[in-house]
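J.: Just dropping this structure here.
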Number of protein chains: 2
Amino acid sequence: MASRPKATILDIAREAGVSKSTVSLVLQGSDLIRPETALKVRKAIEDVGYVYNRGAANLRKAHSNVIGMVINDLTNPFFAEMAVGMERVFQSAGIVPFIANTAENPVRQEEVLKSLMEQGVAGLIVSPARGTTPGAFRRIEMAGLPIVFTMRRLPESRIPVIAPDNHRGAWLATAHLIGKGHRRLAFFGGSSDLVVYHERLGGFREACEALGIAKRDTLVVEGETSRKGGIACLETARAMADPPTAALCFNDAVAFGVMLALRKRGLEPGVDFAVVGFDDVVEAQHYMPALTSVAVDSAGLGERAAHVMLKMIQSRTTRAEDHIGAVNLVVRDSCGPDRRAGMGDAA
Amino acid sequence: MASRPKATILDIAREAGVSKSTVSLVLQGSDLIRPETALKVRKAIEDVGYVYNRGAANLRKAHSNVIGMVINDLTNPFFAEMAVGMERVFQSAGIVPFIANTAENPVRQEEVLKSLMEQGVAGLIVSPARGTTPGAFRRIEMAGLPIVFTMRRLPESRIPVIAPDNHRGAWLATAHLIGKGHRRLAFFGGSSDLVVYHERLGGFREACEALGIAKRDTLVVEGETSRKGGIACLETARAMADPPTAALCFNDAVAFGVMLALRKRGLEPGVDFAVVGFDDVVEAQHYMPALTSVAVDSAGLGERAAHVMLKMIQSRTTRAEDHIGAVNLVVRDSCGPDRRAGMGDAA
DNA sequence: ACCTATAAATGGAACGTTCCAATAAATCAA
DNA sequence: TTGATTTATTGGAACGTTCCATTTATAGGT
């Protein structure tokens with residue numbers, strides 16, 4: 001079953017008794033071809049098992065119908081949700097997104113971007129890996145390839161960004177915690193080499209300040225943005241004298257970790273310690289207790305990013321506006337009142 | 001910032017004062033070129049912002065360094081885990097996997113496969129969408145393109161399959177349930193148009209028969225392979241007279257749904273009703289209660305699939321052995337003994 | 001000095017498409 | 001009939017690579 005040399009447009013031209021140009025026209029659905037001729041050609045294509053060679057075509061035509069989507073953590077359901085949103089809009093535009101994972105590895109990211117470019121993609125939607133160097137996207141910008149960032153922004157870059165309003169989300173969540181009577185608050189997870197981290201932490205800090213929580217009643221512990229990271233954060237927090245009674249977590253994964261660690265210590269999340277997450281992944285509503293979280297509308301963000309990309313491609317420009325997506329706090333069961341405060345009131 | 005016509009190998013040849021052939025050789029890392037010349041060329045490449053055109057190259061060379069991975073549900077963490085396994089082995093082989101999602105839609109799958117082929121991938125790893133028609137992969141086989149299925153097999157197809165031992169996994173899980181004293185068992189979720197479904201259900205049935213559970217004490221309810229599907233399954237099961245006391249679920253997502261529905265009815269998973277999942281995704285161990293599940297080693301399966309693919313590519317063959325991966329039941333907290341049986345014993 | 005062997009670099013054809021300009025065939029107006 | 005117009009079809013050049021066959025430069029042996 002050795003594969004014979006694969007069929008080309010000329011083979012099918014011969015088979016159908018027409019010229020290669022005619023075949024090409026049929027392939028492009030041109031209406032310059034007589035319907036019966038087109039039919040003959042299509043039959044030949046079918047018989048021969050021809051597969052179109054887009055590489056060859058792109059040699060002449062400007063651009064392909066594929067865009068690359070580069071994400072930093074395929075394992076985070078957040079990105080899957082976003083990808084689904086994108087796919088919805090790309091599909092109706094006849095373009096196919098290819099997804100590549102970088103696993104937070106800048107070197108891998110470099111390779112993946114290179115491959116995608118060589119493949120001749122029409123554009124790139126990227127959620128940059130942690131530790132991406134500022135110059136990593138210079139090549140792409142030089143090539144004039146449309147690119148947009150999602151979720152994460154790079155320190156000094158003019159590449160358009162589609163992201164949620166991190167500052168506001170954190171503010172909202174923090175205010176909610178304070179409203180529940182908590183006076184000693186923590187911010188758990190994330191690391192300071194991410195711009196998002198500063199945005200979220202900034203929202204947390206400002207809310208504390210605005211609502212009368214002194215900075216010394218505030219605890220910030222960095223950590224991996226995963227369940228494991230969350231567990232670690234809680235451990236270090238509990239080890240302190242006069243520990244916090246509530247935490248805003250960098251994302252839902254961290255929050256899940258915190259809840260886990262709480263249980264392991266015999267504490268009940270939501271009653272003994274309040275926790276709020278960020279992103280509102282689908283799991284959030286299914287957890288026990290259901291997690292209060294900042295919903296960022298990941299699918300919507302994905303759609304938005306896809307639209308921006310489409311516009312860039314069509315208008316052959318490389319500039320676009322940033323888009324900061326609305327967020328809202330969805331309150332569930334993971335944040336009861338501060339028990340000590342509550343008891344104080346009752347006494 | 002309009003993109004000037006992009007640089008080609010000739011531009012950089014001129015820039016470096018050599019011939020295009022020399023540049024080509026440098027690009028391929030040939031040792032026929034004097035190191036200093038190579039350096040000159042590499043500098044020109046950098047200066048000019050050249051990007052390699054793999055489409056053009058593939059016109060002459062046989063095959064590319066990308067393989068396509070087509071999956072039916074990006075949203076299922078199981079696939080993300082598998083993808084990560086694959087990436088590990090592909091990366092060290094210098095090949096880049098592009099992932100495309102079909103969302104269980106055979107039409108979408110068709111488009112995606114077409115795109116991938118046109119792009120000139122070296123091979124395809126596919127987890128077919130539900131309802132894939134038998135002929136869907138004929139084109140690919142005709143083209144002699146290496147292809148392997150993961151997780152799912154098609155009714156009558158000679159394409160190699162990498163999948164876990166579904167039959168054995170289901171048998172093990174069912175035996176465990178029976179060992180806990182349960183006598184009225186259910187199989188929840190999945191639909192009969194999937195071969196996997198029959199494999200898992202078959203294991204369930206055989207275990208029941210072998211261990212003395214009559215067929216009429218057995219309940220099978222089909223359903224979506226998602227949390228939602230799980231919820232629905234439990235509802236219909238509880239609506240029956242003399243309902244089951246334990247269930248083997250088609251996969252973990254279904255199991256999570258069942259546990260959710262249990263709680264909603266005021267029943268405690270693991271004590272009032274036993275549930276076991278399938279796949280053992282990472283969430284399983286973090287749930288409350290932690291879910292007993294059949295571990296299939298998704299990352300390992302991914303690695304395996306990648307190795308098989310690599311071998312196929314290297315030996316330019318299109319045939320390979322199936323691989324049935326070992327499974328094992330990891331027992332956690334979601335399956336207590338049958339309470340009625342327990343009480344009966346005590347009385 | 002010469003010829004030979006080796007090392008380094010090069011020109012040209014080929015790969016599978018698109019698209020322009022050109023041709024061939026069919027239709028119409030006179 | 002003839003020329004003009006429209007409708008279908010076609011050849012050829014170009015796209016950016018690779019690779020074979022050559023050429024040119026360098027070194028070695030006598």
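We label chains A, B, ... in the order they appear in the structure tokens, count residues from 1 in each chain, and number ligands from 1 in the order shown.
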So which bits of range 69-204 of chain A end up helix (DSSP H, G or I) when you DSSP the backbone, as a PyMOL selection string?
T.: chain A and resi 77-92+106-118+134-142+166-179+195-204
J.: Could you save the residues just selected, with C-alpha atoms, as a compact mmCIF listing (two decimals), in the first residue's frame?
T.:
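Final file, out.txt:
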```
# COMPACT_ATOMS: atom_id res chain seq x y z
CA PRO A 77 -10.21 24.87 31.43
CA PHE A 78 -10.38 28.59 31.13
CA PHE A 79 -8.52 28.45 27.84
CA ALA A 80 -10.60 25.65 26.47
CA GLU A 81 -13.66 27.78 27.09
CA MET A 82 -12.07 30.71 25.35
CA ALA A 83 -11.04 28.56 22.42
CA VAL A 84 -14.59 27.38 22.00
CA GLY A 85 -15.77 30.98 21.78
CA MET A 86 -13.20 31.75 19.11
CA GLU A 87 -14.05 28.73 17.09
CA ARG A 88 -17.65 29.80 16.89
CA VAL A 89 -16.80 33.00 15.09
CA PHE A 90 -13.95 31.66 13.00
CA GLN A 91 -15.98 28.79 11.72
CA SER A 92 -18.59 31.05 10.19
CA PRO A 106 9.14 30.63 26.52
CA VAL A 107 11.48 28.41 24.53
CA ARG A 108 8.67 26.17 23.46
CA GLN A 109 6.70 29.27 22.64
CA GLU A 110 9.44 30.46 20.36
CA GLU A 111 9.42 27.17 18.46
CA VAL A 112 5.70 27.10 18.17
CA LEU A 113 5.49 30.67 16.90
CA LYS A 114 8.19 29.95 14.36
CA SER A 115 6.38 26.90 13.07
CA LEU A 116 3.12 28.73 12.81
CA MET A 117 4.68 31.58 10.86
CA GLU A 118 6.50 29.26 8.51
CA PRO A 134 10.10 41.63 25.37
CA GLY A 135 11.68 40.90 21.99
CA ALA A 136 9.92 37.61 21.44
CA PHE A 137 7.36 39.08 19.09
CA ARG A 138 9.58 41.45 17.16
CA ARG A 139 9.90 39.03 14.26
CA ILE A 140 6.18 38.79 14.00
CA GLU A 141 5.67 42.50 14.09
CA MET A 142 8.38 42.98 11.49
CA ASN A 166 -8.80 42.62 36.17
CA HIS A 167 -8.58 45.68 38.33
CA ARG A 168 -12.31 46.07 38.64
CA GLY A 169 -12.88 42.36 39.19
CA ALA A 170 -10.46 42.29 42.06
CA TRP A 171 -11.97 45.45 43.48
CA LEU A 172 -15.44 43.99 43.40
CA ALA A 173 -14.39 40.76 45.00
CA THR A 174 -12.45 42.51 47.73
CA ALA A 175 -15.32 44.86 48.49
CA HIS A 176 -17.59 41.83 48.80
CA LEU A 177 -15.27 40.25 51.32
CA ILE A 178 -15.06 43.46 53.31
CA GLY A 179 -18.82 43.82 53.14
CA VAL A 195 1.14 42.10 34.37
CA VAL A 196 -2.24 40.56 35.21
CA TYR A 197 -0.94 39.91 38.67
CA HIS A 198 -0.33 43.57 39.27
CA GLU A 199 -3.69 44.50 37.87
CA ARG A 200 -5.53 42.12 40.16
CA LEU A 201 -3.40 42.87 43.17
CA GLY A 202 -3.87 46.58 42.44
CA GLY A 203 -7.63 46.20 42.55
CA PHE A 204 -7.34 44.35 45.81
```
J.: Could you list the residues in chain A lying within 10 Å of chain D, using only C-alpha atoms (C1' of nucleotides), and format the result as a list in words?
T.: Val18, Ser19, Lys20, Ser21, Thr22, Leu32, Ile33, Arg34, Thr37, Ala56, Ala57, Asn58, Leu59, Arg60 and Lys61 of chain A
J.: Store the residues picked out above in a file with N, CA and C atoms, as a compact mmCIF listing (two decimals), in the first residue's frame.
T.:
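What ended up in selection_32.txt:
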```
# COMPACT_ATOMS: atom_id res chain seq x y z
N VAL A 18 -9.45 18.29 -19.42
CA VAL A 18 -9.47 19.75 -19.51
C VAL A 18 -8.08 20.28 -19.17
N SER A 19 -7.94 21.59 -19.09
CA SER A 19 -6.63 22.14 -18.76
C SER A 19 -6.50 22.36 -17.26
N LYS A 20 -5.26 22.51 -16.81
CA LYS A 20 -5.03 22.74 -15.38
C LYS A 20 -5.73 24.02 -14.91
N SER A 21 -5.78 25.01 -15.80
CA SER A 21 -6.43 26.27 -15.42
C SER A 21 -7.90 26.04 -15.09
N THR A 22 -8.52 25.22 -15.89
CA THR A 22 -9.93 24.93 -15.65
C THR A 22 -10.11 24.29 -14.29
N LEU A 32 -17.12 30.99 -13.89
CA LEU A 32 -16.73 31.12 -15.30
C LEU A 32 -16.77 29.77 -16.00
N ILE A 33 -16.95 28.73 -15.20
CA ILE A 33 -16.89 27.38 -15.77
C ILE A 33 -18.29 26.84 -15.98
N ARG A 34 -18.48 26.20 -17.11
CA ARG A 34 -19.78 25.61 -17.41
C ARG A 34 -20.07 24.52 -16.39
N THR A 37 -18.99 21.00 -17.05
CA THR A 37 -17.54 20.84 -17.00
C THR A 37 -17.08 20.72 -15.55
N ALA A 56 1.51 25.33 -2.01
CA ALA A 56 1.76 25.78 -3.38
C ALA A 56 0.89 26.97 -3.72
N ALA A 57 -0.36 26.89 -3.30
CA ALA A 57 -1.29 27.97 -3.61
C ALA A 57 -0.84 29.27 -2.96
N ASN A 58 -0.41 29.17 -1.72
CA ASN A 58 -0.01 30.37 -0.99
C ASN A 58 1.21 31.05 -1.61
N LEU A 59 1.91 30.29 -2.42
CA LEU A 59 3.05 30.87 -3.11
C LEU A 59 2.60 32.02 -4.01
N ARG A 60 1.40 31.87 -4.53
CA ARG A 60 0.87 32.93 -5.41
C ARG A 60 -0.12 33.83 -4.67
N LYS A 61 -1.07 33.22 -4.02
CA LYS A 61 -2.08 34.01 -3.31
C LYS A 61 -1.47 34.60 -2.06
```
J.: Where does DSSP see strand (DSSP E or B) in range 187-285 of chain B, if you list the residues as a list of chain:residue names?
T.: B:Phe187, B:Phe188, B:Gly190, B:Thr218, B:Leu219, B:Val220, B:Val221, B:Gly223, B:Ala246, B:Ala247, B:Leu248, B:Cys249, B:Pro269, B:Phe273, B:Ala274, B:Val275, B:Val276, B:Gly277, B:Phe278, B:Asp279
J.: Select all residues from chain B having any atom no more than 6 Å from an atom of chain A (counting only C-alpha atoms, ignoring ligands), output as a ChimeraX atom specification.
T.: /B:3,52-55,74-75,80,98-100,118-119,144
J.: What residues in chain C have any atom no more than 12 Å from chain B when counting only C-alpha atoms (C1' of nucleotides), and can you write them as a ChimeraX atom specification?
T.: /C:6-17
J.: For CA of Leu267 in chain B and CA of Gly189 in chain B, quote the distance in Å rounded to one decimal.
T.: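 Computed distance, CA of Leu267 in chain B to CA of Gly189 in chain B, equals 19.8 Å.
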J.: Could you work out how far CA of Val294 in chain B lies from CA of Ala207 in chain B, giving the answer in Å with one decimal?
T.: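 It comes out at 15.0 Å.
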